[in-house]
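With mmCIF, C-alpha atoms inside, this is structure_7.cif:
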```cif
data_work
#
loop_
_atom_site.label_atom_id
_atom_site.label_comp_id
_atom_site.auth_asym_id
_atom_site.auth_seq_id
_atom_site.Cartn_x
_atom_site.Cartn_y
_atom_site.Cartn_z
CA MET A 16 0.00 0.00 0.00
CA ASP A 17 1.15 3.54 -0.75
CA SER A 18 2.34 5.72 2.12
CA PRO A 19 0.05 8.64 3.04
CA THR A 20 1.13 12.25 2.66
CA ALA A 21 1.93 14.36 5.67
CA GLU A 22 -0.72 16.85 4.58
CA ALA A 23 -3.44 14.20 4.36
CA VAL A 24 -2.73 12.86 7.85
CA ALA A 25 -2.45 16.33 9.38
CA HIS A 26 -5.75 17.35 7.80
CA ALA A 27 -7.56 14.16 8.88
CA PHE A 28 -6.54 14.61 12.52
CA ASP A 29 -6.33 18.44 12.67
CA LEU A 30 -2.65 18.35 13.64
CA GLY A 31 -1.61 21.71 12.22
CA ARG A 32 0.70 22.37 9.29
CA PRO A 33 3.33 19.68 8.59
CA LEU A 34 6.92 20.86 8.99
CA THR A 35 8.40 17.83 7.20
CA ASP A 36 7.33 14.78 5.27
CA LEU A 37 6.34 11.69 7.21
CA VAL A 38 9.44 10.03 8.69
CA PHE A 39 9.30 6.23 8.51
CA VAL A 40 9.68 4.48 11.89
CA ARG A 41 8.91 0.78 11.61
CA ARG A 42 7.45 -1.85 9.33
CA GLY A 43 5.96 -5.13 10.51
CA ALA A 44 2.34 -6.16 10.58
CA THR A 45 1.76 -2.40 10.43
CA GLU A 46 3.62 0.67 9.18
CA THR A 47 4.39 3.63 11.41
CA TRP A 48 5.77 7.15 10.92
CA ARG A 49 6.67 10.28 12.85
CA LEU A 50 5.02 13.53 11.83
CA ASP A 51 6.23 16.94 13.03
CA THR A 52 3.79 19.82 12.68
CA THR A 53 3.26 23.34 13.96
CA ARG A 54 1.31 21.86 16.89
CA GLY A 55 3.78 19.18 17.93
CA SER A 56 5.10 15.73 17.05
CA TYR A 57 2.90 12.70 16.40
CA PHE A 58 3.10 8.95 15.95
CA VAL A 59 1.13 7.80 12.91
CA LYS A 60 0.03 4.20 12.42
CA GLY A 61 -1.34 2.89 9.14
CA ALA A 62 -2.49 -0.57 10.00
CA TRP A 63 -5.34 -1.69 7.81
CA ASP A 64 -6.59 -1.69 4.27
CA GLY A 65 -9.97 0.04 4.47
CA ASN A 66 -11.06 -0.79 0.95
CA GLY A 67 -14.28 -2.78 0.88
CA LEU A 68 -14.56 -3.23 4.65
CA GLN A 69 -18.02 -4.21 5.79
CA PHE A 70 -19.53 -3.67 9.22
CA THR A 71 -20.30 -7.34 9.79
CA PRO A 72 -20.35 -9.21 13.12
CA GLY A 73 -16.84 -10.27 14.08
CA GLY A 74 -15.22 -8.30 11.27
CA LEU A 75 -12.40 -5.78 11.55
CA PRO A 76 -14.71 -2.86 12.50
CA ASP A 77 -16.11 -4.90 15.40
CA GLN A 78 -12.60 -5.84 16.49
CA LEU A 79 -11.40 -2.25 16.38
CA GLU A 80 -14.48 -0.99 18.20
CA ALA A 81 -13.93 -3.52 21.01
CA ALA A 82 -10.23 -2.65 21.19
CA MET A 83 -10.87 1.08 21.40
CA ALA A 84 -13.54 0.63 24.06
CA PHE A 85 -11.06 -1.35 26.17
CA GLU A 86 -8.37 1.24 25.46
CA ARG A 87 -10.67 3.97 26.83
CA ARG A 88 -11.31 1.92 29.94
CA ALA A 89 -7.56 1.47 30.47
CA LEU A 90 -6.97 5.22 30.04
CA GLU A 91 -9.65 6.00 32.62
CA ALA A 92 -8.03 3.52 35.03
CA GLY A 93 -4.70 5.35 34.80
CA ILE A 94 -2.70 2.72 32.93
CA ASP A 95 0.61 4.13 31.66
CA MET A 96 -0.21 4.44 27.96
CA ALA A 97 -0.55 6.85 25.05
CA GLU A 98 -3.85 8.65 24.45
CA PRO A 99 -5.18 8.58 20.86
CA VAL A 100 -5.81 11.76 18.88
CA PRO A 101 -9.43 11.92 17.66
CA PRO A 102 -9.85 12.40 13.89
CA VAL A 103 -11.89 15.23 12.44
CA HIS A 104 -14.25 12.81 10.67
CA PRO A 105 -13.98 9.45 12.42
CA TRP A 106 -14.37 6.31 10.38
CA LEU A 107 -14.77 4.53 13.70
CA GLY A 108 -13.78 5.83 17.12
CA SER A 109 -10.24 7.20 16.84
CA VAL A 110 -9.67 5.68 13.38
CA ALA A 111 -9.64 7.83 10.23
CA ARG A 112 -9.90 6.59 6.66
CA ILE A 113 -7.46 8.17 4.21
CA ASN A 114 -7.49 6.94 0.61
CA ASP A 115 -8.92 3.52 1.49
CA ARG A 116 -6.50 2.99 4.34
CA LEU A 117 -7.18 3.23 8.08
CA PHE A 118 -5.00 5.31 10.41
CA ARG A 119 -4.60 6.13 14.07
CA VAL A 120 -2.49 8.89 15.61
CA ASN A 121 -0.99 9.43 19.07
CA PRO A 122 1.15 12.27 20.39
CA TRP A 123 4.82 11.39 19.92
CA ILE A 124 6.33 10.18 23.21
CA ASP A 125 9.99 10.94 23.80
CA HIS A 126 11.57 7.65 24.73
CA ARG A 127 14.55 5.38 24.39
CA PRO A 128 14.80 1.65 23.64
CA LEU A 129 14.66 -0.80 26.52
CA ARG A 130 18.02 -1.79 27.98
CA PRO A 131 18.95 -5.15 29.51
CA ASN A 132 19.41 -3.51 32.92
CA ASP A 133 16.04 -1.73 32.95
CA ASP A 134 14.15 -2.85 36.06
CA LEU A 135 10.57 -3.38 34.92
CA ALA A 136 9.52 -6.11 37.35
CA ASP A 137 7.34 -4.12 39.74
CA TRP A 138 5.81 -1.94 37.01
CA LEU A 139 5.06 -4.94 34.82
CA GLY A 140 3.49 -7.07 37.54
CA ARG A 141 1.35 -4.19 38.79
CA THR A 142 0.27 -3.05 35.30
CA MET A 143 -0.72 -6.56 34.22
CA ALA A 144 -2.81 -6.99 37.35
CA GLN A 145 -4.53 -3.63 36.76
CA ILE A 146 -5.31 -4.50 33.15
CA HIS A 147 -6.61 -7.95 34.06
CA GLN A 148 -9.06 -6.38 36.52
CA LEU A 149 -10.59 -4.02 33.95
CA GLU A 150 -12.87 -6.52 32.21
CA PRO A 151 -13.16 -10.00 33.81
CA LEU A 152 -15.53 -12.08 31.72
CA ASN A 153 -16.97 -14.27 34.49
CA ASP A 154 -16.76 -17.27 32.18
CA VAL A 155 -14.89 -20.58 31.98
CA GLY A 156 -12.58 -21.72 29.20
CA LEU A 157 -10.07 -20.24 26.81
CA PRO A 158 -10.80 -18.54 23.47
CA ASP A 159 -10.53 -20.39 20.17
CA TRP A 160 -7.13 -18.90 19.24
CA TRP A 161 -5.57 -21.06 21.97
CA ARG A 162 -6.36 -24.11 19.82
CA GLY A 163 -4.39 -22.82 16.83
CA PRO A 164 -1.41 -25.20 17.20
CA LEU A 165 -3.48 -28.26 18.22
CA TRP A 166 -3.47 -31.04 15.63
CA PRO A 167 -4.26 -34.76 16.00
CA ARG A 168 -1.48 -37.35 16.11
CA ALA A 169 -2.30 -38.47 12.56
CA THR A 170 -1.67 -34.98 11.19
CA TRP A 171 1.68 -34.60 12.93
CA GLU A 172 2.72 -38.06 11.70
CA GLU A 173 1.67 -37.16 8.16
CA TRP A 174 3.79 -33.99 8.29
CA ILE A 175 6.80 -35.90 9.61
CA ASP A 176 6.47 -38.61 6.94
CA GLU A 177 6.26 -35.97 4.22
CA ALA A 178 9.29 -34.16 5.66
CA GLN A 179 11.23 -37.39 5.52
CA ARG A 180 10.25 -37.94 1.88
CA LEU A 181 11.31 -34.39 1.07
CA ASP A 182 14.59 -34.92 2.95
CA ARG A 183 13.91 -32.07 5.36
CA SER A 184 16.68 -31.80 7.93
CA TRP A 185 14.25 -31.61 10.84
CA SER A 186 12.24 -34.79 10.15
CA SER A 187 14.05 -37.11 12.58
CA LEU A 188 14.02 -34.52 15.34
CA ALA A 189 10.29 -34.04 14.84
CA ARG A 190 9.67 -37.77 15.21
CA ASP A 191 11.68 -37.81 18.44
CA CYS A 192 9.81 -34.74 19.69
CA LEU A 193 6.33 -36.04 18.87
CA PRO A 194 5.56 -37.40 22.40
CA THR A 195 6.28 -33.94 23.84
CA VAL A 196 4.12 -32.26 21.19
CA LEU A 197 1.20 -34.58 21.88
CA ASP A 198 1.51 -34.24 25.66
CA LEU A 199 1.47 -30.44 25.39
CA SER A 200 -1.48 -30.59 23.03
CA THR A 201 -3.46 -32.70 25.50
CA ARG A 202 -2.70 -30.37 28.39
CA ILE A 203 -3.65 -27.29 26.38
CA GLU A 204 -6.91 -28.89 25.21
CA GLU A 205 -7.84 -29.66 28.81
CA LEU A 206 -7.07 -26.11 29.94
CA CYS A 207 -9.21 -24.74 27.10
CA GLU A 208 -12.21 -26.28 28.85
CA VAL A 209 -11.51 -25.41 32.48
CA ALA A 210 -9.59 -22.11 32.70
CA PRO A 211 -11.63 -20.07 35.23
CA ASP A 212 -10.20 -16.59 34.60
CA PRO A 213 -10.74 -15.32 31.03
CA VAL A 214 -10.33 -11.56 30.79
CA THR A 215 -10.05 -8.93 28.08
CA THR A 216 -6.42 -7.87 27.97
CA HIS A 217 -3.87 -5.89 25.96
CA GLY A 218 -2.67 -9.24 24.61
CA ASP A 219 0.77 -8.21 23.34
CA PHE A 220 3.07 -7.43 26.25
CA LYS A 221 6.35 -7.44 24.33
CA THR A 222 9.51 -5.38 24.58
CA HIS A 223 8.73 -3.57 21.30
CA ASN A 224 5.43 -2.36 22.79
CA LEU A 225 7.07 -0.77 25.81
CA LEU A 226 8.59 2.70 25.61
CA MET A 227 11.01 3.91 28.28
CA THR A 228 10.22 7.57 28.98
CA PRO A 229 11.67 10.03 31.50
CA THR A 230 8.73 9.26 33.81
CA GLY A 231 8.74 5.47 33.37
CA PRO A 232 7.46 2.75 31.02
CA VAL A 233 4.52 3.32 28.68
CA LEU A 234 2.54 0.46 27.10
CA VAL A 235 1.58 1.07 23.46
CA ASP A 236 -0.27 -0.71 20.62
CA TRP A 237 -3.83 -1.21 21.88
CA ASP A 238 -5.37 -2.00 18.49
CA SER A 239 -5.73 -5.76 18.89
CA VAL A 240 -6.82 -6.50 22.45
CA ARG A 241 -8.00 -10.06 23.01
CA VAL A 242 -9.36 -12.54 25.52
CA ASP A 243 -6.91 -14.68 27.48
CA SER A 244 -6.51 -16.36 30.82
CA ALA A 245 -5.23 -13.77 33.28
CA ALA A 246 -2.94 -16.23 35.08
CA LEU A 247 -1.59 -17.86 31.93
CA GLU A 248 -0.85 -14.51 30.30
CA ALA A 249 0.89 -13.36 33.47
CA GLY A 250 3.05 -16.49 33.43
CA ARG A 251 3.98 -16.01 29.77
CA VAL A 252 4.76 -12.30 30.10
CA ALA A 253 6.81 -12.79 33.25
CA HIS A 254 8.82 -15.50 31.50
CA ILE A 255 9.47 -13.26 28.47
CA PHE A 256 10.60 -10.22 30.44
CA ALA A 257 12.58 -12.14 33.07
CA ALA A 258 14.77 -13.49 30.24
CA GLY A 259 15.97 -16.44 32.28
CA ASP A 260 16.51 -14.56 35.56
CA PRO A 261 14.62 -16.42 38.35
CA ALA A 262 14.77 -13.42 40.68
CA GLN A 263 13.15 -11.17 38.08
CA LEU A 264 10.52 -13.81 37.33
CA ASN A 265 9.61 -14.10 40.99
CA ARG A 266 9.46 -10.33 41.42
CA ILE A 267 7.13 -9.87 38.47
CA LEU A 268 4.78 -12.57 39.68
CA THR A 269 4.95 -11.55 43.33
CA THR A 270 4.07 -7.97 42.40
CA TYR A 271 1.27 -9.30 40.20
CA THR A 272 -0.33 -11.21 43.08
CA SER A 273 0.24 -8.33 45.52
CA ALA A 274 -1.70 -6.09 43.11
CA GLY A 275 -4.67 -8.48 43.09
CA GLY A 276 -3.73 -11.05 40.44
CA ASP A 277 -4.47 -14.74 41.08
CA LEU A 278 -1.95 -17.39 40.00
CA SER A 279 -3.29 -20.24 42.11
CA TRP A 280 -5.36 -22.32 39.70
CA PRO A 281 -2.91 -23.40 36.91
CA GLY A 282 -0.53 -25.27 39.23
CA SER A 283 2.32 -26.75 37.18
CA ASP A 284 0.81 -25.33 33.97
CA LEU A 285 1.40 -21.67 34.88
CA PHE A 286 3.90 -21.26 32.02
CA ILE A 287 2.12 -23.39 29.44
CA SER A 288 1.28 -20.34 27.33
CA VAL A 289 5.02 -20.07 26.57
CA LEU A 290 4.94 -23.64 25.28
CA ARG A 291 1.71 -23.05 23.39
CA HIS A 292 3.50 -20.26 21.53
CA ASP A 293 6.36 -22.67 20.74
CA LEU A 294 3.86 -25.15 19.31
CA GLN A 295 2.28 -22.42 17.20
CA ILE A 296 5.65 -21.38 15.76
CA LEU A 297 6.52 -25.03 15.18
CA SER A 298 3.35 -25.90 13.27
CA ASP A 299 3.37 -22.63 11.28
CA GLN A 300 6.96 -23.16 10.12
CA ILE A 301 6.44 -26.85 9.36
CA LEU A 302 3.60 -25.97 6.99
CA VAL A 303 5.88 -23.47 5.23
CA SER A 304 8.74 -25.96 5.05
CA LEU A 305 6.39 -28.50 3.46
CA ASN A 306 5.32 -25.91 0.87
CA ARG A 307 1.74 -25.86 2.11
CA ASN A 308 1.69 -22.23 3.24
CA PRO A 309 3.59 -19.10 2.18
CA PRO A 310 6.07 -17.74 4.74
CA ALA A 311 4.99 -14.98 7.09
CA TRP A 312 6.99 -11.75 6.99
CA TRP A 313 8.85 -12.65 10.21
CA MET A 314 10.05 -16.12 9.17
CA GLY A 315 12.92 -15.35 6.83
CA ASP A 316 14.00 -17.53 3.92
CA GLY A 317 13.85 -21.31 3.58
CA ARG A 318 17.29 -21.88 5.08
CA THR A 319 16.39 -19.76 8.12
CA ILE A 320 13.15 -21.68 8.61
CA GLU A 321 14.95 -25.04 8.47
CA LYS A 322 17.50 -23.83 11.02
CA ASN A 323 14.79 -22.51 13.32
CA LEU A 324 12.82 -25.74 13.12
CA ASN A 325 15.85 -27.79 14.12
CA GLN A 326 16.57 -25.52 17.08
CA LEU A 327 12.96 -25.47 18.23
CA LEU A 328 12.62 -29.25 18.05
CA ILE A 329 15.82 -29.72 20.07
CA GLN A 330 14.76 -27.20 22.71
CA LEU A 331 11.05 -28.02 23.07
CA PRO A 332 11.36 -31.19 25.25
CA VAL A 333 13.83 -29.40 27.53
CA ARG A 334 11.65 -26.31 27.84
CA ALA A 335 8.54 -28.42 28.42
CA ASP A 336 10.27 -30.11 31.35
CA GLU A 337 11.73 -26.90 32.78
CA LEU A 338 8.48 -24.96 32.58
CA ARG A 339 6.21 -27.60 34.08
CA ARG A 340 6.44 -26.37 37.63
CA PRO A 341 4.16 -24.40 39.91
CA TYR A 342 4.96 -20.87 40.95
#
```

Before we go any further, please render this structure as structure tokens.
Amino acid sequence: MDSPTAEAVAHAFDLGRPLTDLVFVRRGATETWRLDTTRGSYFVKGAWDGNGLQFTPGGLPDQLEAAMAFERRALEAGIDMAEPVPPVHPWLGSVARINDRLFRVNPWIDHRPLRPNDDLADWLGRTMAQIHQLEPLNDVGLPDWWRGPLWPRATWEEWIDEAQRLDRSWSSLARDCLPTVLDLSTRIEELCEVAPDPVTTHGDFKTHNLLMTPTGPVLVDWDSVRVDSAALEAGRVAHIFAAGDPAQLNRILTTYTSAGGDLSWPGSDLFISVLRHDLQILSDQILVSLNRNPPAWWMGDGRTIEKNLNQLLIQLPVRADELRRPY
């Protein structure tokens, strides 16, 4: 998709006169830019193709509307986050449509990248607990996206047999790893039925969504909130940010429970969301390696995918054993 002009974005959000062209910031699932105008600096996000979008149940407009409603609730609760700039003529909420593309804008936040020695444990545990208390769903079970990497034994065996015929380097490792894959799949399927704590949540607590500002961390990217288990998300996020440091892991989770979070029910499956993600990456890359799906933007070329599959299959049984422990 073509990039917007600085003038078009400034006009759509009443940002004043642009002082420069849009300055590209990042490309991934979305594209982002910085825009400097006579009224200040802004962060511009062009995330979606608006051409032909229909307001149908469960479609993108519904998803965005739900996300923005949750974002407003988080702002009102005082979560450390960026506040969206309202467009002059909203397409939906804080989203504007410019030349068949959808955009959101926030004030630019002066920040620096995260550093390995940044101490986020207390902030992260407290913020997760606050977010998880915004919209408890008073339901049982996990959402359908949790079942994404779950496949029957026959399917996994078919993939492994095909990999062997195609002389894929990872085929033998996959056969050795199959008992671990099936055990994890069974455990995840059981949790999908019994998890007692589904909540609406930000859903993407990652280092690239945290900005370090002079006043502390700020959580960004609220466009794709989702339902998850509060405890299982807390376990996954603590594992990601602790980066192998047990003391940091314990501090994040201790702060989480002190702020009202509940980690009691999962027992030894507290960190299973980490392993579920591994299974998702494994199955997604296997289907690419077998020429059944095109590669996602983050996967790299065929050689990179083969290397990653070998590493993941070696590590998965070890990680499954290490992470099956109660907090």

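Here CA of His223 in chain A is placed at a distance of 14.7 Å from CA of Lys60 in chain A.
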
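Comparing A:Arg32, A:Cys192, A:Leu199, A:Thr215 by their smallest distance to Leu165 in chain A, the closest is A:Leu199 (using all atoms listed in the file).
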
Check: Could you write out as an MDAnalysis selection string the residues that the PyMOL selection byres ((chain A and resi 107) around 12) matches in the shown file?
Finding: chainID A and resid 65 68 70 75:84 101:106 108:112 117:119

Next item on the list: Please write the residues picked by the PyMOL selection byres ((chain A and resi 210) around 12) on this file as an NGL selection string.
Entry: :A and (152-158 or 161 or 202-209 or 211-214 or 242-248 or 278-282 or 284-285)

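Among the candidate residues A:Leu226, A:Leu324, A:Ile296, A:Leu50, the one lying nearest to Ala311 in chain A is A:Ile296, with distances computed using all atoms listed in the file.
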
Applying 12 Å and all atoms listed in the file, which residues near Arg266 in chain A remain after dropping the ones on its own chain fewer than 6 positions away? List them as a PDB file with C-alpha atoms, in the coordinates of the input.
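Result file around.pdb:
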```
ATOM      1  CA  ASP A 134      14.150  -2.850  36.060  1.00  0.00           C
ATOM      2  CA  LEU A 135      10.570  -3.380  34.920  1.00  0.00           C
ATOM      3  CA  ALA A 136       9.520  -6.110  37.350  1.00  0.00           C
ATOM      4  CA  ASP A 137       7.340  -4.120  39.740  1.00  0.00           C
ATOM      5  CA  TRP A 138       5.810  -1.940  37.010  1.00  0.00           C
ATOM      6  CA  LEU A 139       5.060  -4.940  34.820  1.00  0.00           C
ATOM      7  CA  GLY A 140       3.490  -7.070  37.540  1.00  0.00           C
ATOM      8  CA  ARG A 141       1.350  -4.190  38.790  1.00  0.00           C
ATOM      9  CA  GLY A 250       3.050 -16.490  33.430  1.00  0.00           C
ATOM     10  CA  ALA A 253       6.810 -12.790  33.250  1.00  0.00           C
ATOM     11  CA  HIS A 254       8.820 -15.500  31.500  1.00  0.00           C
ATOM     12  CA  PHE A 256      10.600 -10.220  30.440  1.00  0.00           C
ATOM     13  CA  ALA A 257      12.580 -12.140  33.070  1.00  0.00           C
ATOM     14  CA  ASP A 260      16.510 -14.560  35.560  1.00  0.00           C
ATOM     15  CA  THR A 272      -0.330 -11.210  43.080  1.00  0.00           C
ATOM     16  CA  SER A 273       0.240  -8.330  45.520  1.00  0.00           C
ATOM     17  CA  TYR A 342       4.960 -20.870  40.950  1.00  0.00           C
TER      18      TYR A 342
END
```

Item checked: Residue nearest Leu268 in chain A among A:Ala144, A:Asp299, A:Arg54, A:Gly93 (counting only C-alpha atoms) -> A:Ala144

Checklist line | Given the PyMOL selection byres ((chain A and resi 168) around 12), the residues it picks as a PyMOL selection string | finding: chain A and resi 165-167+169-175+190+193-201

Note to self: Counting all atoms listed in the file, which residues sit no farther than 9 Å from the position (6.4, -25.8, 31.9) in the file's frame? I'd like them as number ranges by chain.
What the structure shows: A: 283-290, 334-341

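Remark: for Pro122 in chain A, the closest of the candidate residues A:Lys322, A:Arg87, A:Arg49, A:Arg41 is A:Arg49 (distances computed over all atoms listed in the file).
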
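CA of Val303 in chain A is positioned 13.9 Å from CA of Ser186 in chain A.
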
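Straight-line separation from CA of Pro151 in chain A to CA of Ala262 in chain A: 29.0 Å.
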
Note to self: Would you pick out the contacts of Thr319 in chain A at 12 Å or less, using all atoms listed in the file, so that residues sharing its chain but fewer than 5 positions from it are not included, and give the list as a PyMOL selection string?
What the structure shows: chain A and resi 300+303-304+310+313-314+324-326

Taking all atoms of range 312-329 of chain A that appear in the file, build a box with edges along x, y and z, extend it by 4 Å on every side, and state its centre and edge lengths in Å to one decimal, as lines of an AutoDock Vina configuration file.
```
center_x = 12.2
center_y = -20.7
center_z = 11.8
size_x = 18.5
size_y = 26.0
size_z = 24.5
```

Margin query: Applying 10 Å and all atoms listed in the file, which residues near Asp236 in chain A remain after dropping the ones on its own chain fewer than 6 positions away? List them as an NGL selection string.
Written below: :A and (60 or 86 or 96-97 or 217-220 or 223-225)

Item checked: Residue nearest Thr45 in chain A among A:Pro33, A:Gly315, A:Pro309, A:Gly61 (counting all atoms listed in the file) -> A:Gly61

Note to self: Quick one: residues within 9 Å of Ala178 in chain A, only C-alpha atoms, excluding same-chain residues fewer than 6 positions away - as a ChimeraX atom specification?
What the structure shows: /A:184-187,301,304-305

Please save C-alpha atoms of the selected residues as a tab-separated table (two decimals), in the coordinates of the input.
```tsv
chain	number	residue	atom	x	y	z
A	184	SER	CA	16.68	-31.80	7.93
A	185	TRP	CA	14.25	-31.61	10.84
A	186	SER	CA	12.24	-34.79	10.15
A	187	SER	CA	14.05	-37.11	12.58
A	301	ILE	CA	6.44	-26.85	9.36
A	304	SER	CA	8.74	-25.96	5.05
A	305	LEU	CA	6.39	-28.50	3.46
```

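Take the candidates A:Arg162, A:Arg130, A:Asn308, A:Ala249 and check each one against Gly276 in chain A using all atoms listed in the file; the shortest distance goes to A:Ala249.
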
Next item on the list: Please provide as JSON, numbers by chain all residues within 9 Å of Glu46 in chain A, with the sequence filter that same-chain residues fewer than 6 positions apart are discarded (counting only C-alpha atoms).
Entry: {"A": [18, 39, 40, 59, 60, 61, 62]}

Store the residues picked out above in a file with C-alpha atoms, as a short mmCIF file (atom, residue, chain, number, x, y, z; two decimals), keeping the file's coordinate frame.
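Result file follows (out-v4.cif):
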```cif
data_model
loop_
_atom_site.label_atom_id
_atom_site.label_comp_id
_atom_site.auth_asym_id
_atom_site.auth_seq_id
_atom_site.Cartn_x
_atom_site.Cartn_y
_atom_site.Cartn_z
CA SER A 18 2.34 5.72 2.12
CA PHE A 39 9.30 6.23 8.51
CA VAL A 40 9.68 4.48 11.89
CA VAL A 59 1.13 7.80 12.91
CA LYS A 60 0.03 4.20 12.42
CA GLY A 61 -1.34 2.89 9.14
CA ALA A 62 -2.49 -0.57 10.00
#
```
